[in-house]
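coords-v6.pdb (PDB, C-alpha atoms) appears below.
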ATOM      1  CA  THR A 480       7.143  -7.407 -17.983
ATOM      2  CA  TYR A 481      10.769  -6.568 -17.258
ATOM      3  CA  ASN A 482      13.164  -5.631 -20.094
ATOM      4  CA  SER A 483      11.044  -7.731 -22.444
ATOM      5  CA  GLU A 484      11.374  -5.804 -25.720
ATOM      6  CA  SER A 485      12.678  -8.779 -27.708
ATOM      7  CA  PHE A 486       9.789 -11.135 -26.907
ATOM      8  CA  VAL A 487       6.779  -9.315 -25.404
ATOM      9  CA  GLU A 488       5.188  -8.639 -28.812
ATOM     10  CA  ASP A 489       4.863 -12.371 -29.509
ATOM     11  CA  THR A 490       3.356 -12.857 -26.052
ATOM     12  CA  LEU A 491       0.766 -10.124 -26.542
ATOM     13  CA  HIS A 492      -0.138 -11.305 -30.029
ATOM     14  CA  SER A 493      -0.972 -14.682 -28.465
ATOM     15  CA  VAL A 494      -3.397 -12.876 -26.137
ATOM     16  CA  PHE A 495      -4.965 -10.622 -28.754
ATOM     17  CA  SER A 496      -5.502 -13.552 -31.136
ATOM     18  CA  GLN A 497      -7.620 -15.530 -28.652
ATOM     19  CA  THR A 498     -10.855 -16.963 -30.029
ATOM     20  CA  ARG A 499     -12.432 -15.628 -26.822
ATOM     21  CA  LEU A 500     -10.792 -12.346 -25.818
ATOM     22  CA  PRO A 501     -10.309 -11.595 -22.121
ATOM     23  CA  GLU A 502     -12.582  -9.048 -20.459
ATOM     24  CA  GLU A 503      -9.528  -6.945 -19.673
ATOM     25  CA  LEU A 504      -5.754  -7.017 -20.024
ATOM     26  CA  VAL A 505      -3.636  -5.637 -17.174
ATOM     27  CA  LEU A 506      -0.010  -5.096 -18.179
ATOM     28  CA  VAL A 507       2.430  -4.457 -15.342
ATOM     29  CA  ASP A 508       5.951  -3.271 -16.117
ATOM     30  CA  ASP A 509       8.487  -3.879 -13.358
ATOM     31  CA  GLY A 510      10.765  -0.892 -14.053
ATOM     32  CA  SER A 511      12.083  -1.823 -17.512
ATOM     33  CA  SER A 512      15.001   0.208 -18.876
ATOM     34  CA  ASP A 513      14.551  -0.866 -22.515
ATOM     35  CA  ARG A 514      11.704  -0.242 -25.030
ATOM     36  CA  THR A 515       9.233  -2.595 -23.325
ATOM     37  CA  VAL A 516       6.745   0.085 -22.262
ATOM     38  CA  GLU A 517       6.911   1.769 -25.664
ATOM     39  CA  LEU A 518       5.990  -1.543 -27.306
ATOM     40  CA  LEU A 519       3.173  -2.140 -24.805
ATOM     41  CA  GLU A 520       1.683   1.277 -25.565
ATOM     42  CA  LYS A 521       1.942   0.669 -29.309
ATOM     43  CA  LEU A 522       0.184  -2.704 -29.135
ATOM     44  CA  VAL A 523      -2.460  -1.541 -26.677
ATOM     45  CA  GLY A 524      -3.247   1.394 -28.964
ATOM     46  CA  LYS A 525      -3.898  -1.121 -31.716
ATOM     47  CA  TYR A 526      -6.241  -3.368 -29.737
ATOM     48  CA  SER A 527      -7.756  -1.187 -27.002
ATOM     49  CA  SER A 528     -11.041  -0.843 -28.915
ATOM     50  CA  GLN A 529     -11.586  -4.601 -28.509
ATOM     51  CA  LEU A 530     -11.015  -4.917 -24.748
ATOM     52  CA  ARG A 531     -10.119  -2.876 -21.678
ATOM     53  CA  CYS A 532      -6.335  -2.502 -21.453
ATOM     54  CA  LEU A 533      -4.405  -1.011 -18.555
ATOM     55  CA  ILE A 534      -0.652  -0.384 -18.392
ATOM     56  CA  ILE A 535       0.882  -0.016 -14.933
ATOM     57  CA  GLN A 536       4.480   1.129 -14.494
ATOM     58  CA  GLY A 537       6.472   0.861 -11.295
ATOM     59  CA  ASP A 538       9.958   0.607  -9.854
ATOM     60  CA  HIS A 539      11.845  -2.657 -10.238
ATOM     61  CA  LYS A 540      10.686  -4.762  -7.281
ATOM     62  CA  GLY A 541      10.529  -8.238  -8.773
ATOM     63  CA  PRO A 542       7.824 -10.475 -10.259
ATOM     64  CA  GLY A 543       5.891 -10.932  -7.014
ATOM     65  CA  ALA A 544       5.316  -7.205  -6.598
ATOM     66  CA  ALA A 545       4.433  -6.796 -10.290
ATOM     67  CA  ARG A 546       1.870  -9.592 -10.181
ATOM     68  CA  ASN A 547       0.347  -8.185  -6.986
ATOM     69  CA  ARG A 548      -0.119  -4.788  -8.642
ATOM     70  CA  GLY A 549      -1.875  -6.499 -11.536
ATOM     71  CA  ILE A 550      -4.168  -8.514  -9.268
ATOM     72  CA  GLN A 551      -5.135  -5.405  -7.300
ATOM     73  CA  ALA A 552      -5.881  -3.424 -10.467
ATOM     74  CA  ALA A 553      -7.950  -6.176 -12.101
ATOM     75  CA  THR A 554     -11.743  -5.899 -11.983
ATOM     76  CA  GLY A 555     -12.757  -9.392 -13.111
ATOM     77  CA  ASP A 556     -13.580 -12.427 -10.971
ATOM     78  CA  TRP A 557     -10.795 -14.526 -12.493
ATOM     79  CA  ILE A 558      -7.063 -13.963 -13.073
ATOM     80  CA  ALA A 559      -5.216 -15.704 -15.922
ATOM     81  CA  PHE A 560      -1.483 -15.059 -15.609
ATOM     82  CA  ILE A 561       0.948 -14.785 -18.494
ATOM     83  CA  ASP A 562       4.625 -13.917 -18.148
ATOM     84  CA  SER A 563       6.066 -11.667 -20.826
ATOM     85  CA  ASP A 564       8.021 -14.412 -22.612
ATOM     86  CA  ASP A 565       5.348 -17.115 -22.629
ATOM     87  CA  LEU A 566       2.617 -17.840 -25.199
ATOM     88  CA  TRP A 567      -1.042 -18.887 -25.124
ATOM     89  CA  GLU A 568      -2.680 -21.188 -27.655
ATOM     90  CA  LYS A 569      -5.463 -19.275 -29.409
ATOM     91  CA  THR A 570      -8.290 -21.355 -27.882
ATOM     92  CA  LYS A 571      -7.008 -21.138 -24.292
ATOM     93  CA  LEU A 572      -9.573 -18.728 -22.848
ATOM     94  CA  GLU A 573     -12.453 -20.270 -24.779
ATOM     95  CA  ILE A 574     -11.681 -23.751 -23.392
ATOM     96  CA  ILE A 575     -11.134 -22.421 -19.871
ATOM     97  CA  GLU A 576     -14.422 -20.503 -19.897
ATOM     98  CA  GLU A 577     -16.272 -23.664 -21.003
ATOM     99  CA  THR A 578     -14.565 -25.652 -18.248
ATOM    100  CA  LEU A 579     -15.417 -23.129 -15.523
ATOM    101  CA  CYS A 580     -19.054 -23.037 -16.632
ATOM    102  CA  PHE A 581     -19.223 -26.839 -16.488
ATOM    103  CA  TYR A 582     -17.498 -27.059 -13.078
ATOM    104  CA  PRO A 583     -18.679 -24.002 -11.088
ATOM    105  CA  GLU A 584     -17.107 -25.253  -7.848
ATOM    106  CA  ILE A 585     -13.564 -24.755  -9.211
ATOM    107  CA  ASN A 586     -11.526 -21.816  -7.892
ATOM    108  CA  PHE A 587      -8.133 -22.774  -9.386
ATOM    109  CA  LEU A 588      -7.266 -24.346 -12.746
ATOM    110  CA  CYS A 589      -4.040 -25.434 -14.424
ATOM    111  CA  HIS A 590      -3.586 -26.675 -17.999
ATOM    112  CA  SER A 591      -0.791 -28.542 -19.758
ATOM    113  CA  GLU A 592       1.786 -26.657 -21.796
ATOM    114  CA  ILE A 593       4.848 -27.033 -23.987
ATOM    115  CA  SER A 594       8.290 -26.196 -22.618
ATOM    116  CA  ARG A 595      10.646 -24.699 -25.198
ATOM    117  CA  THR A 596      14.336 -24.797 -24.208
ATOM    118  CA  LEU A 597      17.107 -22.357 -25.130
ATOM    119  CA  THR A 598      18.123 -24.686 -27.984
ATOM    120  CA  GLY A 599      14.587 -24.695 -29.402
ATOM    121  CA  SER A 600      13.709 -28.264 -28.424
ATOM    122  CA  GLU A 601      10.233 -28.801 -26.986
ATOM    123  CA  ARG A 602       8.616 -31.213 -24.526
ATOM    124  CA  LYS A 603       5.162 -31.577 -22.996
ATOM    125  CA  LEU A 604       4.534 -30.480 -19.417
ATOM    126  CA  GLU A 605       1.457 -32.473 -18.418
ATOM    127  CA  TYR A 606       0.879 -31.348 -14.845
ATOM    128  CA  TYR A 607      -2.292 -33.397 -14.428
ATOM    129  CA  ARG A 608      -0.268 -36.625 -14.599
ATOM    130  CA  ARG A 609       1.475 -35.735 -11.331
ATOM    131  CA  TYR A 610      -1.714 -34.998  -9.405
ATOM    132  CA  ASN A 611      -3.609 -37.613  -7.386
ATOM    133  CA  GLN A 612      -7.167 -36.421  -6.720
ATOM    134  CA  ASN A 613      -7.486 -38.950  -3.901
ATOM    135  CA  LYS A 614      -4.744 -37.308  -1.828
ATOM    136  CA  PRO A 615      -4.640 -33.841  -0.190
ATOM    137  CA  LEU A 616      -3.171 -31.197  -2.497
ATOM    138  CA  SER A 617      -0.948 -29.653   0.198
ATOM    139  CA  GLY A 618       1.101 -32.804   0.720
ATOM    140  CA  GLN A 619       1.580 -33.321  -3.003
ATOM    141  CA  LEU A 620       2.657 -29.702  -3.487
ATOM    142  CA  PHE A 621       5.129 -30.004  -0.613
ATOM    143  CA  SER A 622       6.903 -32.734  -2.603
ATOM    144  CA  ALA A 623       6.826 -30.945  -5.975
ATOM    145  CA  ASN A 624       5.399 -27.864  -7.654
ATOM    146  CA  LEU A 625       2.445 -29.012  -9.766
ATOM    147  CA  PHE A 626       1.701 -25.632 -11.369
ATOM    148  CA  SER A 627       3.196 -23.190 -13.859
ATOM    149  CA  THR A 628       2.199 -19.538 -13.435
ATOM    150  CA  SER A 629       1.376 -18.908 -17.102
ATOM    151  CA  ALA A 630      -0.771 -22.078 -17.077
ATOM    152  CA  VAL A 631      -2.769 -21.044 -13.994
ATOM    153  CA  VAL A 632      -6.205 -19.412 -13.769
ATOM    154  CA  CYS A 633      -7.396 -18.477 -10.281
ATOM    155  CA  LYS A 634     -10.342 -16.752  -8.616
ATOM    156  CA  ARG A 635      -9.246 -13.202  -7.826
ATOM    157  CA  LYS A 636     -10.870 -13.402  -4.378
ATOM    158  CA  VAL A 637      -8.628 -16.347  -3.446
ATOM    159  CA  LEU A 638      -5.555 -14.300  -4.341
ATOM    160  CA  MET A 639      -6.775 -11.177  -2.564
ATOM    161  CA  ASP A 640      -7.696 -13.081   0.608
ATOM    162  CA  SER A 641      -4.188 -14.560   0.760
ATOM    163  CA  GLN A 642      -2.415 -11.177   0.392
ATOM    164  CA  GLY A 643      -0.959 -12.363  -2.916
ATOM    165  CA  PHE A 644       2.667 -13.126  -3.751
ATOM    166  CA  ASP A 645       5.468 -12.701  -1.226
ATOM    167  CA  GLU A 646       7.298  -9.668  -2.622
ATOM    168  CA  SER A 647      10.484 -10.420  -0.670
ATOM    169  CA  LEU A 648      11.158 -13.505  -2.815
ATOM    170  CA  MET A 649      12.961 -12.897  -6.115
ATOM    171  CA  SER A 650      12.368 -16.487  -7.249
ATOM    172  CA  ALA A 651       9.903 -19.285  -6.414
ATOM    173  CA  GLN A 652       7.367 -16.723  -5.187
ATOM    174  CA  ASP A 653       4.722 -18.508  -7.243
ATOM    175  CA  TYR A 654       5.493 -21.887  -5.663
ATOM    176  CA  GLU A 655       5.346 -20.342  -2.192
ATOM    177  CA  LEU A 656       1.924 -18.856  -2.962
ATOM    178  CA  TRP A 657       0.522 -22.145  -4.282
ATOM    179  CA  LEU A 658       1.670 -23.865  -1.076
ATOM    180  CA  ARG A 659       0.009 -21.200   1.036
ATOM    181  CA  LEU A 660      -3.214 -21.326  -0.991
ATOM    182  CA  SER A 661      -3.417 -25.112  -1.219
ATOM    183  CA  PRO A 662      -5.719 -25.784   1.783
ATOM    184  CA  ASN A 663      -8.374 -23.530   0.211
ATOM    185  CA  LEU A 664      -8.137 -24.655  -3.413
ATOM    186  CA  ASN A 665     -10.716 -26.587  -5.404
ATOM    187  CA  VAL A 666      -8.260 -27.410  -8.134
ATOM    188  CA  PHE A 667      -8.921 -28.729 -11.627
ATOM    189  CA  PHE A 668      -6.309 -29.907 -14.124
ATOM    190  CA  LEU A 669      -6.929 -29.693 -17.862
ATOM    191  CA  SER A 670      -5.007 -32.153 -20.011
ATOM    192  CA  ASP A 671      -5.265 -29.737 -22.981
ATOM    193  CA  ILE A 672      -1.996 -28.089 -24.027
ATOM    194  CA  LEU A 673      -2.967 -24.413 -24.012
ATOM    195  CA  GLY A 674       0.342 -22.570 -23.805
ATOM    196  CA  LYS A 675       4.113 -22.532 -24.189
ATOM    197  CA  TYR A 676       6.637 -21.917 -21.427
ATOM    198  CA  ILE A 677       9.609 -20.231 -23.121
ATOM    199  CA  HIS A 678      13.053 -20.567 -21.569
ATOM    200  CA  ARG A 679      15.456 -17.690 -22.142
ATOM    201  CA  PRO A 680      18.757 -16.576 -20.622
ATOM    202  CA  GLY A 681      18.202 -15.143 -17.154
ATOM    203  CA  ASN A 682      14.748 -16.496 -16.380
TER     204      ASN A 682
END

I'd like the structure from this file rewritten - as structure tokens, please.
Amino acid sequence: TYNSESFVEDTLHSVFSQTRLPEELVLVDDGSSDRTVELLEKLVGKYSSQLRCLIIQGDHKGPGAARNRGIQAATGDWIAFIDSDDLWEKTKLEIIEETLCFYPEINFLCHSEISRTLTGSERKLEYYRRYNQNKPLSGQLFSANLFSTSAVVCKRKVLMDSQGFDESLMSAQDYELWLRLSPNLNVFFLSDILGKYIHRPGN
């Protein structure tokens, strides 16, 4: 999170209302100057009996550094990212868990999502349609980013082995990481729409 007081509650409610709750929730605040942390503490206090919740506060260093702190603090085998203005469909984690059990060789998964613009209009982002399983992933990623961070689930070991996000990049640090990871990914695309990517001023 970073100065997310006007939207982070909706994001967290979409996590806490999952039909299959996560094993843990790691919340990393990137030096907010508004009421973001206060809201995080309030919501965590409400739901902490249901799952392990951890709030990490740090100086403002950008999204790459914040995500890296979260990855390092996590204890599970898998990381499911969610930015503080995005939303998950309530069955997201249940469907992903079923998929990972059925395809144990996967180490990276991406699902479809809805993109909501500043005017409120919505369109489908069906990433699987742009992927050709008969061609190397690296070349396809070089041409276009096939992933959205809040739609990605990745083995924690893959992220740790790669040293995580490049903290010097204030934008596109996710795309740079996917490019770097691509030779080692066993990727799987779900056609299911399991989240919403919310546009807002400044993001």

Query raised in the report: On this structure, which residues satisfy the PyMOL selection byres ((chain A and resi 658) around 12), written as a VMD selection string?
Result: chain A and resid 615 to 626 641 643 to 645 651 to 657 659 to 664

Requested in this report: Between A:Cys532, A:Leu648, A:Leu673, A:Leu566, single out the one closest to Thr554 (chain A), counting all atoms listed in the file.
Outcome: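 Using all atoms listed in the file, the shortest distance to Thr554 (chain A) belongs to A:Cys532.
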
Report summary line: The distance between CA of Lys571 (chain A) and CA of Asn665 (chain A) is 20.0 Å

Query - Residue nearest Ala552 (chain A) - candidates A:Glu503, A:Glu568, A:Glu592, A:Asp513, atoms counted: all atoms listed in the file - result: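 Checking each candidate against Ala552 (chain A), we get A:Glu503 as the closest.
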
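Using all atoms listed in the file, the protein and nucleic acid residues lying no more than 10 Å from Glu605 (chain A), apart from those fewer than 6 places from it along its own chain, are Cys589, His590, Ser591, Glu592, Ile593, Leu625, Phe626, Phe668, Leu669, Ser670, Asp671 and Ile672 of chain A.
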
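Going from CA of Asp508 (chain A) over to CA of Asp565 (chain A), you cover 15.3 Å.
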
Requested in this report: Compile the contact shell of region 489-492 of chain A as a ChimeraX atom specification: residues with an atom at most 9 Å away, counting all atoms listed in the file, same-chain residues fewer than 5 positions apart removed.
Outcome: /A:497,519,522,561-567

Query raised in the report: Do you know which residues the PyMOL selection byres ((chain A and resi 588) around 6) returns on this file, as a VMD selection string?
Result: chain A and resid 587 589 631 to 632 666 to 668

Could you write out as a compact mmCIF listing (two decimals) with C-alpha atoms, keeping the file's coordinate frame the residues that the PyMOL selection byres ((chain A and resi 539) around 7) matches in the shown file?
# COMPACT_ATOMS: atom_id res chain seq x y z
CA ASP A 509 8.49 -3.88 -13.36
CA GLY A 510 10.76 -0.89 -14.05
CA GLY A 537 6.47 0.86 -11.30
CA ASP A 538 9.96 0.61 -9.85
CA LYS A 540 10.69 -4.76 -7.28
CA GLY A 541 10.53 -8.24 -8.77

Report task. Please provide as a ChimeraX atom specification all residues within 10 Å of Arg499 (chain A), with the sequence filter that same-chain residues fewer than 6 positions apart are discarded (counting all atoms listed in the file). Result -> /A:569-576

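The gap separating CA of Gln529 (chain A) from CA of Leu500 (chain A) is 8.2 Å, in Å to one decimal.
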
Query - Of the listed residues A:Ser650, A:Ala559, A:Ile585, A:Ser483, that which approaches Ser512 (chain A) most closely, counting all atoms listed in the file - result: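 Using all atoms listed in the file, Ser512 (chain A) sits closest to A:Ser483.
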
Requested in this report: Do a neighbour search on Leu506 (chain A) at 7 Å with only C-alpha atoms, toss out local chain neighbours closer than 5 positions, and write the hits as an MDAnalysis selection string.
Outcome: chainID A and resid 533:535

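All residues that come within 12 Å of the coordinates (-13.0, -9.2, -11.8), counting all atoms listed in the file, are given as A:Pro501, A:Glu502, A:Glu503, A:Leu504, A:Val505, A:Gly549, A:Ile550, A:Gln551, A:Ala552, A:Ala553, A:Thr554, A:Gly555, A:Asp556, A:Trp557, A:Ile558, A:Ala559, A:Cys633, A:Lys634, A:Arg635, A:Lys636, A:Val637, A:Leu638, A:Met639.
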
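With all atoms listed in the file as the atoms that count, the residue of A:Met649, A:Val487, A:Cys580, A:Leu530 with the shortest distance to Val516 (chain A) is A:Val487.
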
Box dimensions and centre (Å, one decimal) enclosing region 565-579 of chain A, axis-aligned, 6 Å extra per side, as AutoDock Vina command-line options:
--center_x -5.5 --center_y -21.4 --center_z -22.5 --size_x 33.6 --size_y 20.5 --size_z 25.9

Since the input is missing atoms for region 510-521 of chain A, could you rebuild it with all heavy atoms and give the result as an mmCIF file, keeping the file's coordinate frame?
data_model
loop_
_atom_site.group_PDB
_atom_site.id
_atom_site.type_symbol
_atom_site.label_atom_id
_atom_site.label_comp_id
_atom_site.auth_asym_id
_atom_site.auth_seq_id
_atom_site.Cartn_x
_atom_site.Cartn_y
_atom_site.Cartn_z
ATOM 1 N N GLY A 510 9.616 -1.809 -13.976
ATOM 2 C CA GLY A 510 10.765 -0.892 -14.053
ATOM 3 C C GLY A 510 11.726 -1.182 -15.187
ATOM 4 O O GLY A 510 12.953 -1.071 -15.017
ATOM 5 N N SER A 511 11.209 -1.535 -16.367
ATOM 6 C CA SER A 511 12.083 -1.823 -17.512
ATOM 7 C C SER A 511 12.911 -0.604 -17.909
ATOM 8 O O SER A 511 12.456 0.540 -17.819
ATOM 9 C CB SER A 511 11.254 -2.278 -18.717
ATOM 10 O OG SER A 511 10.662 -3.531 -18.489
ATOM 11 N N SER A 512 14.132 -0.873 -18.400
ATOM 12 C CA SER A 512 15.001 0.208 -18.876
ATOM 13 C C SER A 512 15.169 0.155 -20.393
ATOM 14 O O SER A 512 15.919 0.947 -20.962
ATOM 15 C CB SER A 512 16.382 0.113 -18.203
ATOM 16 O OG SER A 512 16.965 -1.162 -18.443
ATOM 17 N N ASP A 513 14.474 -0.764 -21.054
ATOM 18 C CA ASP A 513 14.551 -0.866 -22.515
ATOM 19 C C ASP A 513 13.257 -0.312 -23.137
ATOM 20 O O ASP A 513 12.586 0.527 -22.541
ATOM 21 C CB ASP A 513 14.813 -2.319 -22.942
ATOM 22 C CG ASP A 513 13.668 -3.260 -22.550
ATOM 23 O OD1 ASP A 513 12.693 -2.779 -21.930
ATOM 24 O OD2 ASP A 513 13.738 -4.457 -22.864
ATOM 25 N N ARG A 514 12.872 -0.769 -24.310
ATOM 26 C CA ARG A 514 11.704 -0.242 -25.030
ATOM 27 C C ARG A 514 10.416 -1.004 -24.699
ATOM 28 O O ARG A 514 9.427 -0.860 -25.417
ATOM 29 C CB ARG A 514 11.958 -0.308 -26.539
ATOM 30 C CG ARG A 514 13.063 0.593 -27.035
ATOM 31 C CD ARG A 514 13.306 0.428 -28.533
ATOM 32 N NE ARG A 514 12.105 0.639 -29.319
ATOM 33 C CZ ARG A 514 11.487 -0.324 -30.025
ATOM 34 N NH1 ARG A 514 11.942 -1.560 -30.029
ATOM 35 N NH2 ARG A 514 10.395 -0.044 -30.722
ATOM 36 N N THR A 515 10.403 -1.774 -23.634
ATOM 37 C CA THR A 515 9.233 -2.595 -23.325
ATOM 38 C C THR A 515 7.957 -1.770 -23.249
ATOM 39 O O THR A 515 6.950 -2.094 -23.890
ATOM 40 C CB THR A 515 9.432 -3.355 -21.997
ATOM 41 O OG1 THR A 515 10.525 -4.265 -22.134
ATOM 42 C CG2 THR A 515 8.184 -4.135 -21.619
ATOM 43 N N VAL A 516 7.964 -0.708 -22.465
ATOM 44 C CA VAL A 516 6.745 0.085 -22.262
ATOM 45 C C VAL A 516 6.295 0.731 -23.571
ATOM 46 O O VAL A 516 5.094 0.788 -23.870
ATOM 47 C CB VAL A 516 6.959 1.141 -21.163
ATOM 48 C CG1 VAL A 516 5.734 2.050 -21.050
ATOM 49 C CG2 VAL A 516 7.224 0.469 -19.815
ATOM 50 N N GLU A 517 7.243 1.185 -24.356
ATOM 51 C CA GLU A 517 6.911 1.769 -25.664
ATOM 52 C C GLU A 517 6.175 0.755 -26.540
ATOM 53 O O GLU A 517 5.175 1.092 -27.201
ATOM 54 C CB GLU A 517 8.204 2.213 -26.350
ATOM 55 C CG GLU A 517 8.023 2.835 -27.718
ATOM 56 C CD GLU A 517 9.353 3.135 -28.394
ATOM 57 O OE1 GLU A 517 10.355 3.358 -27.669
ATOM 58 O OE2 GLU A 517 9.390 3.131 -29.637
ATOM 59 N N LEU A 518 6.646 -0.486 -26.520
ATOM 60 C CA LEU A 518 5.990 -1.543 -27.306
ATOM 61 C C LEU A 518 4.611 -1.876 -26.748
ATOM 62 O O LEU A 518 3.668 -2.116 -27.501
ATOM 63 C CB LEU A 518 6.867 -2.795 -27.321
ATOM 64 C CG LEU A 518 8.178 -2.679 -28.108
ATOM 65 C CD1 LEU A 518 9.034 -3.923 -27.911
ATOM 66 C CD2 LEU A 518 7.897 -2.471 -29.592
ATOM 67 N N LEU A 519 4.478 -1.894 -25.419
ATOM 68 C CA LEU A 519 3.173 -2.140 -24.805
ATOM 69 C C LEU A 519 2.168 -1.079 -25.251
ATOM 70 O O LEU A 519 1.035 -1.398 -25.621
ATOM 71 C CB LEU A 519 3.278 -2.128 -23.282
ATOM 72 C CG LEU A 519 4.117 -3.210 -22.598
ATOM 73 C CD1 LEU A 519 4.020 -3.067 -21.079
ATOM 74 C CD2 LEU A 519 3.687 -4.600 -23.019
ATOM 75 N N GLU A 520 2.579 0.178 -25.191
ATOM 76 C CA GLU A 520 1.683 1.277 -25.565
ATOM 77 C C GLU A 520 1.281 1.185 -27.031
ATOM 78 O O GLU A 520 0.120 1.417 -27.380
ATOM 79 C CB GLU A 520 2.364 2.615 -25.272
ATOM 80 C CG GLU A 520 2.505 2.889 -23.776
ATOM 81 C CD GLU A 520 3.341 4.114 -23.479
ATOM 82 O OE1 GLU A 520 4.098 4.561 -24.384
ATOM 83 O OE2 GLU A 520 3.270 4.613 -22.332
ATOM 84 N N LYS A 521 2.224 0.807 -27.878
ATOM 85 C CA LYS A 521 1.942 0.669 -29.309
ATOM 86 C C LYS A 521 0.905 -0.440 -29.552
ATOM 87 O O LYS A 521 -0.061 -0.256 -30.301
ATOM 88 C CB LYS A 521 3.255 0.345 -30.043
ATOM 89 C CG LYS A 521 3.100 0.014 -31.523
ATOM 90 C CD LYS A 521 4.460 -0.356 -32.094
ATOM 91 C CE LYS A 521 4.307 -1.144 -33.373
ATOM 92 N NZ LYS A 521 5.584 -1.711 -33.832
#
